[in-house]
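What's in target.cif: mmCIF, C-alpha atoms (C1' of nucleotides)
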```cif
data_upload
loop_
_atom_site.label_atom_id
_atom_site.label_comp_id
_atom_site.auth_asym_id
_atom_site.auth_seq_id
_atom_site.Cartn_x
_atom_site.Cartn_y
_atom_site.Cartn_z
CA MET A 1 -14.40 22.71 12.21
CA THR A 2 -11.69 24.11 14.37
CA THR A 3 -8.93 22.73 12.16
CA PRO A 4 -6.62 25.35 10.69
CA TRP A 5 -6.63 25.01 6.95
CA LEU A 6 -5.85 26.43 3.54
CA THR A 7 -7.82 29.09 1.77
CA GLU A 8 -10.97 27.91 0.05
CA ARG A 9 -9.30 28.02 -3.33
CA GLU A 10 -6.14 26.31 -2.17
CA GLN A 11 -8.06 23.57 -0.48
CA GLN A 12 -10.02 23.02 -3.66
CA VAL A 13 -6.83 22.70 -5.70
CA TRP A 14 -5.21 20.50 -3.08
CA LEU A 15 -8.08 18.06 -2.70
CA GLY A 16 -8.48 18.06 -6.47
CA LEU A 17 -4.86 17.08 -6.87
CA LEU A 18 -5.15 14.29 -4.30
CA ARG A 19 -8.27 13.00 -5.94
CA ALA A 20 -6.92 13.15 -9.46
CA THR A 21 -3.68 11.38 -8.66
CA ALA A 22 -5.41 8.70 -6.62
CA THR A 23 -7.93 8.07 -9.36
CA LEU A 24 -5.27 8.00 -12.05
CA ASP A 25 -3.18 5.51 -10.14
CA ASN A 26 -6.22 3.39 -9.63
CA ALA A 27 -7.11 3.46 -13.31
CA LEU A 28 -3.63 2.41 -14.33
CA ASP A 29 -3.58 -0.39 -11.78
CA GLU A 30 -6.89 -1.65 -13.03
CA GLN A 31 -5.82 -1.71 -16.68
CA LEU A 32 -2.54 -3.45 -15.92
CA ARG A 33 -4.19 -6.04 -13.76
CA ARG A 34 -6.76 -6.74 -16.44
CA ASP A 35 -4.30 -6.90 -19.32
CA ALA A 36 -1.31 -8.56 -17.70
CA GLY A 37 -2.13 -9.48 -14.12
CA ILE A 38 0.40 -7.08 -12.61
CA THR A 39 0.28 -3.88 -10.59
CA HIS A 40 1.51 -0.47 -11.64
CA ALA A 41 4.52 -0.87 -9.35
CA THR A 42 5.41 -4.22 -10.87
CA TYR A 43 4.98 -2.82 -14.35
CA GLY A 44 7.44 -0.09 -13.45
CA ILE A 45 10.05 -2.67 -12.55
CA LEU A 46 9.56 -4.77 -15.65
CA ALA A 47 9.39 -1.73 -17.93
CA ALA A 48 12.57 -0.26 -16.48
CA LEU A 49 14.38 -3.53 -17.12
CA SER A 50 12.95 -3.86 -20.61
CA MET A 51 14.35 -0.51 -21.62
CA THR A 52 17.96 -1.18 -20.74
CA GLU A 53 20.78 -2.69 -22.71
CA GLY A 54 20.77 -6.35 -21.84
CA ARG A 55 17.42 -6.05 -20.01
CA SER A 56 19.36 -6.00 -16.79
CA LEU A 57 20.02 -3.59 -13.93
CA HIS A 58 21.64 -3.48 -10.52
CA MET A 59 19.05 -3.66 -7.77
CA GLN A 60 20.17 -0.29 -6.49
CA HIS A 61 19.65 1.42 -9.80
CA LEU A 62 16.35 -0.32 -10.32
CA ALA A 63 15.14 0.79 -6.91
CA PHE A 64 15.93 4.38 -7.75
CA GLN A 65 14.27 4.27 -11.15
CA THR A 66 11.11 2.77 -9.72
CA ARG A 67 11.03 5.00 -6.64
CA SER A 68 11.03 1.88 -4.53
CA SER A 69 12.73 1.13 -1.25
CA GLN A 70 15.41 -1.55 -1.32
CA SER A 71 13.31 -3.79 0.80
CA ARG A 72 10.24 -3.45 -1.34
CA LEU A 73 12.23 -4.08 -4.48
CA SER A 74 13.89 -7.09 -2.94
CA HIS A 75 10.52 -8.63 -2.07
CA ALA A 76 9.04 -7.69 -5.41
CA VAL A 77 11.93 -9.11 -7.41
CA ALA A 78 11.86 -12.27 -5.31
CA LYS A 79 8.26 -12.69 -6.32
CA LEU A 80 8.97 -11.91 -9.96
CA GLU A 81 11.77 -14.44 -9.86
CA GLY A 82 9.34 -17.01 -8.55
CA GLN A 83 7.03 -16.20 -11.43
CA GLY A 84 9.85 -16.62 -13.90
CA TYR A 85 9.78 -13.01 -15.10
CA VAL A 86 13.17 -12.04 -13.72
CA THR A 87 16.39 -13.76 -12.72
CA ARG A 88 18.93 -12.59 -10.17
CA SER A 89 22.65 -13.04 -10.56
CA PRO A 90 25.63 -11.73 -8.63
CA CYS A 91 27.56 -9.02 -10.41
CA PRO A 92 31.09 -10.11 -11.27
CA ASP A 93 32.55 -6.60 -10.85
CA ASN A 94 31.15 -6.03 -7.41
CA ARG A 95 30.32 -9.06 -5.40
CA ARG A 96 27.77 -7.41 -3.17
CA ALA A 97 25.78 -6.08 -6.09
CA VAL A 98 23.08 -8.11 -7.80
CA HIS A 99 21.83 -7.93 -11.35
CA ALA A 100 18.14 -8.34 -11.96
CA THR A 101 17.54 -9.51 -15.50
CA LEU A 102 14.30 -9.71 -17.41
CA THR A 103 13.57 -13.14 -18.85
CA ASP A 104 11.91 -13.72 -22.22
CA GLU A 105 8.78 -14.60 -20.33
CA GLY A 106 9.00 -11.31 -18.44
CA MET A 107 9.55 -9.45 -21.67
CA ARG A 108 6.45 -11.09 -23.05
CA VAL A 109 4.45 -9.69 -20.13
CA VAL A 110 5.79 -6.18 -20.68
CA LEU A 111 4.98 -6.31 -24.35
CA LEU A 112 1.53 -7.55 -23.49
CA ALA A 113 0.87 -4.77 -21.00
CA ALA A 114 2.67 -1.82 -22.54
CA PRO A 115 0.44 -0.85 -25.46
CA GLY A 116 -2.67 -0.68 -23.31
CA HIS A 117 -0.79 1.13 -20.58
CA VAL A 118 0.64 3.74 -22.88
CA SER A 119 -2.62 4.31 -24.64
CA LEU A 120 -4.40 4.74 -21.31
CA VAL A 121 -1.83 7.29 -20.17
CA ARG A 122 -2.42 9.06 -23.43
CA GLU A 123 -6.18 8.89 -23.13
CA LEU A 124 -6.32 10.04 -19.53
CA VAL A 125 -3.47 12.52 -19.43
CA PHE A 126 -1.99 13.78 -22.67
CA ASP A 127 -5.00 13.85 -24.92
CA PRO A 128 -7.24 15.82 -22.54
CA LEU A 129 -4.55 18.44 -21.89
CA SER A 130 -3.55 21.14 -24.34
CA ALA A 131 0.08 21.41 -25.39
CA ALA A 132 0.35 24.46 -23.15
CA GLN A 133 -1.02 22.53 -20.20
CA VAL A 134 1.43 19.70 -20.74
CA ARG A 135 4.20 22.27 -20.66
CA GLN A 136 2.74 23.83 -17.52
CA LEU A 137 2.41 20.46 -15.84
CA GLY A 138 6.04 19.71 -16.62
CA ASP A 139 7.10 23.02 -15.12
CA ILE A 140 4.93 22.53 -12.06
CA THR A 141 6.20 19.05 -11.29
CA SER A 142 9.77 20.23 -11.77
CA THR A 143 9.17 23.09 -9.38
CA LEU A 144 7.60 20.80 -6.81
CA SER A 145 10.36 18.23 -7.07
CA ALA A 146 12.94 20.97 -6.63
CA ALA A 147 11.10 22.35 -3.61
CA MET A 148 10.88 18.93 -2.03
CA ALA A 149 14.53 18.24 -2.69
CA ALA A 150 15.42 21.59 -1.16
CA ALA A 151 13.36 20.74 1.89
CA GLY A 152 15.27 17.51 2.24
CA TYR A 153 12.57 15.20 0.96
CA ALA A 154 13.31 12.70 -1.74
CA ALA A 155 11.74 9.64 -3.22
CA PRO A 156 11.42 6.77 -0.72
CA ASP A 157 14.82 5.77 0.67
CA PHE A 158 17.02 8.05 -1.38
CA ALA A 159 18.96 11.07 -0.34
CA ARG A 160 21.40 10.94 -3.21
CA THR A 161 20.32 11.74 -6.74
CA ASP A 162 22.54 9.02 -8.15
CA MET B 1 14.09 -1.12 -25.82
CA THR B 2 11.35 -2.49 -27.99
CA THR B 3 8.62 -1.10 -25.77
CA PRO B 4 6.28 1.33 -27.51
CA TRP B 5 6.30 4.54 -25.57
CA LEU B 6 5.56 8.25 -25.40
CA THR B 7 7.54 11.02 -27.03
CA GLU B 8 10.67 12.08 -25.23
CA ARG B 9 9.01 15.17 -23.85
CA GLU B 10 5.84 13.35 -22.81
CA GLN B 11 7.78 10.67 -21.08
CA GLN B 12 9.74 13.29 -19.22
CA VAL B 13 6.54 14.97 -18.02
CA TRP B 14 4.93 11.66 -17.17
CA LEU B 15 7.81 10.29 -15.14
CA GLY B 16 8.20 13.68 -13.51
CA LEU B 17 4.58 13.60 -12.43
CA LEU B 18 4.88 10.10 -11.04
CA ARG B 19 8.02 11.02 -9.17
CA ALA B 20 6.65 14.26 -7.78
CA THR B 21 3.42 12.76 -6.53
CA ALA B 22 5.18 9.77 -4.99
CA THR B 23 7.69 11.98 -3.24
CA LEU B 24 5.01 14.35 -2.02
CA ASP B 25 2.93 11.56 -0.61
CA ASN B 26 5.99 10.20 1.09
CA ALA B 27 6.88 13.54 2.63
CA LEU B 28 3.39 14.00 4.02
CA ASP B 29 3.36 10.50 5.44
CA GLU B 30 6.65 11.10 7.12
CA GLN B 31 5.59 14.34 8.75
CA LEU B 32 2.31 12.92 10.00
CA ARG B 33 3.98 9.84 11.40
CA ARG B 34 6.54 11.97 13.19
CA ASP B 35 4.07 14.48 14.58
CA ALA B 36 1.10 12.31 15.38
CA GLY B 37 1.91 8.69 14.67
CA ILE B 38 -0.61 8.35 11.86
CA THR B 39 -0.49 7.91 8.09
CA HIS B 40 -1.75 10.32 5.48
CA ALA B 41 -4.73 8.07 4.86
CA THR B 42 -5.60 7.99 8.54
CA TYR B 43 -5.19 11.73 8.78
CA GLY B 44 -7.68 12.08 5.93
CA ILE B 45 -10.25 10.12 7.90
CA LEU B 46 -9.77 12.03 11.12
CA ALA B 47 -9.65 15.38 9.35
CA ALA B 48 -12.83 14.68 7.43
CA LEU B 49 -14.62 13.82 10.66
CA SER B 50 -13.20 16.83 12.45
CA MET B 51 -14.64 19.18 9.86
CA THR B 52 -18.25 18.04 10.11
CA GLU B 53 -21.06 19.15 12.34
CA GLY B 54 -21.00 16.81 15.30
CA ARG B 55 -17.64 15.32 14.20
CA SER B 56 -19.57 12.39 12.80
CA LEU B 57 -20.24 10.84 9.38
CA HIS B 58 -21.81 7.78 7.83
CA MET B 59 -19.19 5.25 6.83
CA GLN B 60 -20.36 5.53 3.25
CA HIS B 61 -19.89 9.26 3.12
CA LEU B 62 -16.59 9.05 4.88
CA ALA B 63 -15.34 6.45 2.42
CA PHE B 64 -16.18 8.75 -0.47
CA GLN B 65 -14.57 11.79 1.06
CA THR B 66 -11.38 9.92 1.79
CA ARG B 67 -11.26 8.08 -1.56
CA SER B 68 -11.25 4.83 0.35
CA SER B 69 -12.90 1.53 -0.37
CA GLN B 70 -15.51 0.39 2.12
CA SER B 71 -13.34 -2.45 3.20
CA ARG B 72 -10.31 -0.32 3.78
CA LEU B 73 -12.34 2.19 5.73
CA SER B 74 -13.93 -0.52 7.81
CA HIS B 75 -10.53 -1.89 8.79
CA ALA B 76 -9.10 1.56 9.37
CA VAL B 77 -12.01 2.71 11.54
CA ALA B 78 -11.87 -0.54 13.48
CA LYS B 79 -8.28 0.23 14.29
CA LEU B 80 -9.04 3.84 15.14
CA GLU B 81 -11.82 2.63 17.41
CA GLY B 82 -9.34 0.37 19.16
CA GLN B 83 -7.08 3.35 19.64
CA GLY B 84 -9.92 5.36 21.08
CA TYR B 85 -9.90 7.98 18.34
CA VAL B 86 -13.28 7.11 16.87
CA THR B 87 -16.47 5.45 18.03
CA ARG B 88 -18.99 3.61 15.91
CA SER B 89 -22.70 3.69 16.52
CA PRO B 90 -25.68 2.42 14.54
CA CYS B 91 -27.68 5.12 12.83
CA PRO B 92 -31.21 5.34 14.23
CA ASP B 93 -32.72 6.35 10.88
CA ASN B 94 -31.24 3.50 8.89
CA ARG B 95 -30.27 0.43 10.77
CA ARG B 96 -27.69 -0.78 8.30
CA ALA B 97 -25.84 2.53 8.32
CA VAL B 98 -23.15 3.29 10.87
CA HIS B 99 -21.97 6.61 12.23
CA ALA B 100 -18.27 7.05 12.82
CA THR B 101 -17.70 9.76 15.40
CA LEU B 102 -14.48 11.43 16.37
CA THR B 103 -13.74 11.27 20.09
CA ASP B 104 -12.11 14.09 22.04
CA GLU B 105 -8.95 12.04 22.01
CA GLY B 106 -9.19 11.74 18.23
CA MET B 107 -9.77 15.45 17.93
CA ARG B 108 -6.67 16.03 19.98
CA VAL B 109 -4.66 14.00 17.47
CA VAL B 110 -6.03 15.98 14.53
CA LEU B 111 -5.23 19.25 16.23
CA LEU B 112 -1.77 17.96 16.96
CA ALA B 113 -1.12 16.91 13.37
CA ALA B 114 -2.93 19.58 11.39
CA PRO B 115 -0.69 22.61 11.79
CA GLY B 116 2.41 20.76 10.70
CA HIS B 117 0.55 19.07 7.90
CA VAL B 118 -0.91 22.27 6.54
CA SER B 119 2.35 24.11 6.77
CA LEU B 120 4.14 21.31 4.94
CA VAL B 121 1.55 21.36 2.16
CA ARG B 122 2.13 25.08 1.96
CA GLU B 123 5.89 24.74 1.99
CA LEU B 124 6.04 21.98 -0.60
CA VAL B 125 3.18 22.95 -2.87
CA PHE B 126 1.68 26.41 -2.61
CA ASP B 127 4.69 28.49 -1.71
CA PRO B 128 6.94 27.21 -4.52
CA LEU B 129 4.26 27.73 -7.16
CA SER B 130 3.24 31.10 -8.54
CA ALA B 131 -0.40 32.14 -8.32
CA ALA B 132 -0.68 31.44 -12.03
CA GLN B 133 0.72 27.95 -11.58
CA VAL B 134 -1.73 27.21 -8.79
CA ARG B 135 -4.50 28.24 -11.15
CA GLN B 136 -3.03 26.08 -13.89
CA LEU B 137 -2.70 23.13 -11.58
CA GLY B 138 -6.32 23.49 -10.56
CA ASP B 139 -7.40 23.55 -14.18
CA ILE B 140 -5.22 20.59 -15.07
CA THR B 141 -6.48 18.39 -12.26
CA SER B 142 -10.06 19.32 -13.10
CA THR B 143 -9.47 18.39 -16.71
CA LEU B 144 -7.87 15.11 -15.77
CA SER B 145 -10.63 14.22 -13.34
CA ALA B 146 -13.21 14.99 -15.98
CA ALA B 147 -11.37 12.88 -18.55
CA MET B 148 -11.14 9.96 -16.14
CA ALA B 149 -14.79 10.25 -15.22
CA ALA B 150 -15.70 10.32 -18.90
CA ALA B 151 -13.62 7.20 -19.47
CA GLY B 152 -15.52 5.48 -16.68
CA TYR B 153 -12.82 5.66 -14.07
CA ALA B 154 -13.57 7.02 -10.63
CA ALA B 155 -11.96 7.08 -7.24
CA PRO B 156 -11.58 3.59 -5.72
CA ASP B 157 -14.93 1.82 -5.40
CA PHE B 158 -17.19 4.58 -6.59
CA ALA B 159 -19.19 4.91 -9.75
CA ARG B 160 -21.65 7.39 -8.36
CA THR B 161 -20.64 10.93 -7.45
CA ASP B 162 -22.92 10.93 -4.44
"C1'" DG C 1 -45.74 -13.42 3.53
"C1'" DC C 2 -42.23 -15.14 0.50
"C1'" DT C 3 -38.56 -14.91 -2.98
"C1'" DT C 4 -35.10 -12.07 -5.24
"C1'" DG C 5 -32.03 -8.18 -5.38
"C1'" DT C 6 -29.45 -4.37 -3.55
"C1'" DT C 7 -27.21 -1.65 0.05
"C1'" DA C 8 -24.23 -1.06 4.17
"C1'" DC C 9 -20.88 -2.89 6.56
"C1'" DA C 10 -17.71 -6.60 8.63
"C1'" DT C 11 -14.28 -10.08 8.41
"C1'" DG C 12 -10.68 -13.61 7.43
"C1'" DA C 13 -7.26 -14.72 4.24
"C1'" DA C 14 -3.98 -13.40 0.87
"C1'" DG C 15 -0.97 -10.06 -1.07
"C1'" DT C 16 1.95 -5.98 -0.53
"C1'" DT C 17 4.74 -2.57 1.92
"C1'" DT C 18 7.27 -1.03 5.70
"C1'" DC C 19 10.15 -1.72 9.68
"C1'" DA C 20 13.92 -3.41 12.04
"C1'" DA C 21 17.32 -6.26 12.14
"C1'" DC C 22 20.83 -8.83 9.81
"C1'" DC C 23 24.89 -10.46 6.88
"C1'" DA C 24 28.64 -10.03 3.92
"C1'" DA C 25 31.57 -7.39 0.83
"C1'" DA C 26 34.16 -3.24 0.28
"C1'" DC C 27 36.24 0.86 1.76
"C1'" DT C 28 38.73 3.86 5.65
"C1'" DG C 29 42.21 5.09 8.40
"C1'" DT C 30 45.87 3.21 11.30
"C1'" DA D 1 46.81 -6.56 8.68
"C1'" DC D 2 42.65 -4.99 11.32
"C1'" DA D 3 38.87 -2.68 13.82
"C1'" DG D 4 35.16 0.50 12.26
"C1'" DT D 5 32.14 2.23 8.90
"C1'" DT D 6 29.59 2.29 4.73
"C1'" DT D 7 27.31 -0.06 0.93
"C1'" DG D 8 24.26 -3.59 -1.31
"C1'" DG D 9 21.17 -6.65 -0.47
"C1'" DT D 10 18.11 -9.97 2.19
"C1'" DT D 11 14.74 -11.47 5.56
"C1'" DG D 12 10.86 -12.17 9.05
"C1'" DA D 13 7.46 -9.87 11.42
"C1'" DA D 14 4.17 -6.28 11.70
"C1'" DA D 15 1.11 -3.13 9.39
"C1'" DC D 16 -1.79 -2.14 5.83
"C1'" DT D 17 -4.66 -3.06 1.65
"C1'" DT D 18 -7.29 -5.82 -1.28
"C1'" DC D 19 -10.15 -9.70 -2.34
"C1'" DA D 20 -13.76 -12.74 -1.67
"C1'" DT D 21 -17.27 -13.63 1.00
"C1'" DG D 22 -20.79 -13.23 4.77
"C1'" DT D 23 -24.67 -11.09 7.30
"C1'" DA D 24 -28.19 -8.11 8.19
"C1'" DA D 25 -31.44 -4.46 6.63
"C1'" DC D 26 -34.26 -2.74 3.37
"C1'" DA D 27 -36.90 -2.74 -1.20
"C1'" DA D 28 -39.83 -4.74 -4.96
"C1'" DG D 29 -42.48 -8.02 -7.11
"C1'" DC D 30 -45.42 -11.60 -6.98
#
```
Would you encode the structure as structure tokens?
Amino acid sequence: MTTPWLTEREQQVWLGLLRATATLDNALDEQLRRDAGITHATYGILAALSMTEGRSLHMQHLAFQTRSSQSRLSHAVAKLEGQGYVTRSPCPDNRRAVHATLTDEGMRVVLLAAPGHVSLVRELVFDPLSAAQVRQLGDITSTLSAAMAAAGYAAPDFARTD
Amino acid sequence: MTTPWLTEREQQVWLGLLRATATLDNALDEQLRRDAGITHATYGILAALSMTEGRSLHMQHLAFQTRSSQSRLSHAVAKLEGQGYVTRSPCPDNRRAVHATLTDEGMRVVLLAAPGHVSLVRELVFDPLSAAQVRQLGDITSTLSAAMAAAGYAAPDFARTD
DNA sequence: GCTTGTTACATGAAGTTTCAACCAAACTGT
DNA sequence: ACAGTTTGGTTGAAACTTCATGTAACAAGC
């Protein structure tokens, strides 16, 4: 009532953005849980590993790619290790670094989840949008990321761009 | 490596979107925590209440407006009640409904947090974008929301649009 | 007046994320 | 060689969310 706020139009766009992103995230979580029993965050970790040479990454690198804090990743990988989807091994080059490596079992889960995930992203995002809109969305997210970086904000835990 | 995936360009847009929204959410959380000791989700609850006649809403309605599940809202409001920011009272018209009402103390917190929040949204979202891009973003989120609704996905917990 | 079903909300337990240390390896300058 | 700092990662506790379930109010049908 007495809260200062955006213009009518801006508020509409803003709340629309919050709603759309929340709903999208929810939809993806739901599909992944149904198909493979994992969350979107977990899928991100497994997918990132699956796409590398040797299905293996340093924790650090993996944290950056998945926009995860070190702590979160450490807990998450510990769980995945317990489930047999990932193994951890000390890196020979740098003894404080740790490799997380996707197991065959973990790869199986990714392959199980990926097709449904990708097709849902397509169905909910790329198919509904025109080619022009996809281009616009790319430009907009780039602009926003640049603005946030300029303002000193970065993905959780990271100041450096690696 | 063997994961089916999007085209190069699509993947770039998709990961960019995920990164931008995650970073944005993080930035807003950080500012709200600094300024008022609350999370973005909590701010949403308090702000929604602050903007109604009587600073009061049915839990149901509040859950919808804040894209929250009933359970989450129930826990969150319980905590806010403990902090003295909100009171709960049975609705006289419908004895299973509950009113959540913002206290003066709660209002004080909203007023403390709002200016910084709004100006950060402006700084990170509306200022960097051109008027055309704001329009585009509005159209894009509307399209996505419509597509998700058509595919049977809605904000957490809700099938009905109220 | 009794089932049976649905709506509104609460709650305890389990899972996840963040927070605040912590440890050990690797640099840094002396 | 050696204090001090930075880097890479872990860990337990606290905070938050979700999940499954419970209770009470209302609604409908018999």
Considering all atoms listed in the file, return as an mmCIF file with C-alpha atoms, in the frame of the given file whatever protein or nucleic-acid residues lie within 9 Å of Trp14 (chain A), sequence-local ones (same chain, fewer than 4 positions apart) excluded.
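To be explicit, this is the file written out as result-v6.cif:
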```cif
data_model
loop_
_atom_site.group_PDB
_atom_site.id
_atom_site.type_symbol
_atom_site.label_atom_id
_atom_site.label_comp_id
_atom_site.auth_asym_id
_atom_site.auth_seq_id
_atom_site.Cartn_x
_atom_site.Cartn_y
_atom_site.Cartn_z
ATOM 1 C CA LEU A 6 -5.850 26.430 3.540
ATOM 2 C CA ARG A 9 -9.300 28.020 -3.330
ATOM 3 C CA GLU A 10 -6.140 26.310 -2.170
ATOM 4 C CA LEU A 18 -5.150 14.290 -4.300
ATOM 5 C CA ARG A 19 -8.270 13.000 -5.940
ATOM 6 C CA VAL B 121 1.550 21.360 2.160
ATOM 7 C CA VAL B 125 3.180 22.950 -2.870
ATOM 8 C CA GLY B 138 -6.320 23.490 -10.560
#
```
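From CA of Gly16 (chain B) back to CA of Met148 (chain A), the distance works out to 12.9 Å.
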Completion exercise
Pairwise distance, CA of Tyr43 (chain A) with CA of Ala20 (chain A), equals 20.5 Å
Practice task
Compile the residues of chain C that lie within 12 Å of chain B, evaluated using all atoms listed in the file, and express the compilation as a count of residues only.
Solution key: 6
Exercise for the section: Specify as number ranges by chain all residues of chain D found within 10 Å of chain A, counting only C-alpha atoms (C1' of nucleotides). Expected result: D: 7-11
Practice task
Expand the PyMOL selection byres ((chain A) within 7 of (chain B)) into the individual residues it matches in the shown file, reporting them as a count of residues only.
Solution key: 36
Practice task
Specify as an NGL selection string each residue included when the PyMOL selection byres ((chain D and resi 12-15) around 9) is applied to this file.
Solution key: (:C and (17-19)) or (:D and (11 or 16))
Write out the residues from the selection above, keeping C-alpha atoms (C1' of nucleotides), as a PDB file, in the coordinates of the input.
```
ATOM      1  C1'  DT C  17       4.740  -2.570   1.920  1.00  0.00           C
ATOM      2  C1'  DT C  18       7.270  -1.030   5.700  1.00  0.00           C
ATOM      3  C1'  DC C  19      10.150  -1.720   9.680  1.00  0.00           C
TER       4       DC C  19
ATOM      5  C1'  DT D  11      14.740 -11.470   5.560  1.00  0.00           C
ATOM      6  C1'  DC D  16      -1.790  -2.140   5.830  1.00  0.00           C
TER       7       DC D  16
END
```
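The space separating C1' of DC2 (chain C) from C1' of DA25 (chain D) comes to 16.4 Å.
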First collect every listed atom of region 6-22 of chain C; then fit an axis-aligned box around them, widen it by 8 Å on each side, and give centre and edge lengths in Å to one decimal, as AutoDock Vina command-line options.
```
--center_x -4.3 --center_y -7.9 --center_z 4.3 --size_x 66.3 --size_y 29.7 --size_z 31.7
```
